[in-house]
Amino acid sequence: MNNLQLKTTADGSSTIYHKELDEHYHSTHGALQESVHVFIKSGLNYFQNKYPFNKTINILEIGWGTGLNCILSILCKNPLNQIIVYSGIEPYPVNLDIIKNLNFNFNEEEIKLFYKIHQLKWDKKHIINSYFQLTKHSKGFNNFKSSKTYDIVYFDAFAPRKQPSIWMSDVFTKLYEYLNTNGILVTYCAKGQVRRDLESVGFYVERLKGPPGKREMLRGIKIIKK
């Protein structure tokens with residue numbers, strides 16, 4: 001973990017800088033506000049509002065990283081008491097000593113919960129509360145296989161120029177197959193090639209307003225054509 005260095009982003013929240021990749025785990029314009037905008041508001045909240053009668057929402061995250069998207073999903077308002085079953089994939093788990101120095105402006109109870117999810121064993125299902133279940137997979141996506149399907153994919157891998165293999169059409173094809181009909185994929189990346197690749201495997205792609213510092217983001221929807 002000598003390659004990892006803590007950084008403070010523009011909204012006061014933390015991110016991690018990977019020196020070897022020359023890449024940050026989150027937007028330097030604001031780590032917390034990026035995650036809220038892209039994955040919670042444009043992902044989880046969108047799906048909850050669109051399909052309020054779903055008793056269970058299955059989420060798959062590509063790039064679990066600091067666990068920020070996960071903890072925000074746990075803390076997200078859930079007025080309909082929908083059960084969230086969350087799976088996160090992370091081939092290179094971050095050391096707990098680094099995690100304990102991150103600042104996301106959580107209160108004391110939220111910090112305890114944040115540390116708790118990081119200390120849970122990998123590759124085992126955990127019940128966080130009555131409405132949230134979590135499994136962390138310590139492997140890359142190429143080695144990930146699932147017999148279940150998902151409603152939401154949080155695609156939060158390092159940028160295409162830094163980790164091109166995870167942004168290939170065959171990866172998007174696999175994710176498309178894992179998604180339920182009307183399932184969605186959200187990502188901070190709005191590159192034209194990524195949009196075209198998502199469309200080529202069957203997604204209907206929306207270009208949405210991006211978080212601060214980014215003009216656009218993408219949301220792909222699995223619409224089965226009749």
# chains A, B, ... in the order shown; residues from 1 in each chain; ligands from 1
call {"tool": "residues_around", "arguments": {"residues": "A:Asn2", "least_positions_apart": "3", "cutoff": "10 Å", "atoms": "only C-alpha atoms", "output": "ChimeraX atom specification"}}
result
/A:5,18-20
call {"tool": "residues_around", "arguments": {"residues": "A:Ser73", "least_positions_apart": "4", "cutoff": "8 Å", "atoms": "only C-alpha atoms", "output": "PyMOL selection string"}}
result
chain A and resi 40+44+69
call {"tool": "write_last_selection", "arguments": {"atoms": "C-alpha atoms", "output": "PDB file, in the first residue's frame"}}
result
ATOM      1  CA  ILE A  40     -26.937   7.471  -5.135  1.00  0.00           C
ATOM      2  CA  LEU A  44     -30.170   4.034  -6.308  1.00  0.00           C
ATOM      3  CA  ASN A  69     -20.667   4.076  -2.407  1.00  0.00           C
TER       4      ASN A  69
END
call {"tool": "residues_around", "arguments": {"residues": "A:Asn78", "least_positions_apart": "4", "cutoff": "10 Å", "atoms": "only C-alpha atoms", "output": "list in words"}}
result
Asn45, Gln48, Ser73, Ile74, Gln82, Ile83, Ile84 and Tyr131 of chain A
call {"tool": "residues_around", "arguments": {"residues": "stretch 107-115 of chain A", "least_positions_apart": "3", "cutoff": "10 Å", "atoms": "only C-alpha atoms", "output": "list in words"}}
result
Thr66, Gly67, Leu68, Cys70, Ile71, Leu72, Ile74, Leu75, Leu96, Ile99, Lys100, Leu102, Asn103, Phe104, His118, Gln119, Leu120 and Ile128 of chain A
call {"tool": "residues_around", "arguments": {"residues": "stretch 198-207 of chain A", "least_positions_apart": "4", "cutoff": "8 Å", "atoms": "only C-alpha atoms", "output": "PyMOL selection string"}}
result
chain A and resi 169+172-173+176+190+194+216-223
call {"tool": "residues_around", "arguments": {"residues": "A:Ser42", "least_positions_apart": "4", "cutoff": "9 Å", "atoms": "only C-alpha atoms", "output": "ChimeraX atom specification"}}
result
/A:36-38,46-47,186,208,219
call {"tool": "write_last_selection", "arguments": {"atoms": "N, CA and C atoms", "output": "CSV table (one decimal), in the first residue's frame"}}
result
chain,number,residue,atom,x,y,z
A,36,VAL,N,-22.4,10.8,-4.3
A,36,VAL,CA,-23.8,11.0,-4.1
A,36,VAL,C,-24.5,11.3,-5.4
A,37,HIS,N,-24.0,12.1,-6.2
A,37,HIS,CA,-24.6,12.5,-7.5
A,37,HIS,C,-24.7,11.3,-8.5
A,38,VAL,N,-23.6,10.6,-8.7
A,38,VAL,CA,-23.5,9.6,-9.7
A,38,VAL,C,-24.2,8.3,-9.3
A,46,TYR,N,-32.9,6.9,-8.2
A,46,TYR,CA,-33.6,6.8,-9.5
A,46,TYR,C,-34.4,5.5,-9.6
A,47,PHE,N,-33.7,4.4,-9.3
A,47,PHE,CA,-34.3,3.1,-9.3
A,47,PHE,C,-35.4,3.0,-8.3
A,186,VAL,N,-24.7,2.8,-13.9
A,186,VAL,CA,-24.4,4.2,-13.8
A,186,VAL,C,-22.8,4.3,-13.6
A,208,LEU,N,-26.3,12.3,-18.7
A,208,LEU,CA,-26.9,13.1,-17.7
A,208,LEU,C,-25.9,14.1,-17.2
A,219,ARG,N,-25.8,6.9,-17.8
A,219,ARG,CA,-26.7,5.9,-17.2
A,219,ARG,C,-27.2,5.0,-18.4
call {"tool": "closest_residue", "arguments": {"among": "A:Asn58, A:Asn3, A:Asn81, A:Thr9", "to": "A:Ser130", "atoms": "only C-alpha atoms"}}
result
A:Asn81
call {"tool": "atom_distance", "arguments": {"atom1": "atom CA of A:Ser14", "atom2": "atom CA of A:Ser165"}}
result
26.6 Å
call {"tool": "residues_around", "arguments": {"residues": "A:Ala10", "least_positions_apart": "3", "cutoff": "10 Å", "atoms": "only C-alpha atoms", "output": "list of chain:residue names"}}
result
A:Lys7, A:Ser13, A:Ser14, A:Ser27, A:Thr28, A:His29, A:Gly30, A:Ala31, A:Leu32, A:Gln33, A:Pro212, A:Gly213
call {"tool": "closest_residue", "arguments": {"among": "A:Gly192, A:Gly63, A:Gly88, A:Pro79", "to": "A:His26", "atoms": "only C-alpha atoms"}}
result
A:Gly63
call {"tool": "select_by_dssp", "arguments": {"residues": "chain A", "states": "alpha helix (DSSP H)", "output": "PyMOL selection string"}}
result
chain A and resi 31-35+46-50+68-75+96-99+108-119+169-178+192-200
call {"tool": "closest_residue", "arguments": {"among": "A:Asn95, A:Ser87, A:Asn105, A:Asn180", "to": "A:Leu134", "atoms": "only C-alpha atoms"}}
result
A:Ser87
call {"tool": "closest_residue", "arguments": {"among": "A:Val94, A:Ile16, A:Met168, A:Ile57", "to": "A:Ile152", "atoms": "only C-alpha atoms"}}
result
A:Ile57
call {"tool": "closest_residue", "arguments": {"among": "A:Glu61, A:Glu90, A:Asp123, A:Asp197", "to": "A:Gly140", "atoms": "only C-alpha atoms"}}
result
A:Glu90
call {"tool": "atom_distance", "arguments": {"atom1": "atom CA of A:Lys136", "atom2": "atom CA of A:Arg161"}}
result
25.7 Å
call {"tool": "select_by_dssp", "arguments": {"residues": "stretch 23-219 of chain A", "states": "strand (DSSP E or B)", "output": "VMD selection string"}}
result
chain A and resid 23 to 24 56 to 62 83 to 89 125 to 129 132 to 137 150 to 155 179 to 187 204 to 209 216 to 219
call {"tool": "atom_distance", "arguments": {"atom1": "atom CA of A:Trp122", "atom2": "atom CA of A:Thr181"}}
result
28.9 Å
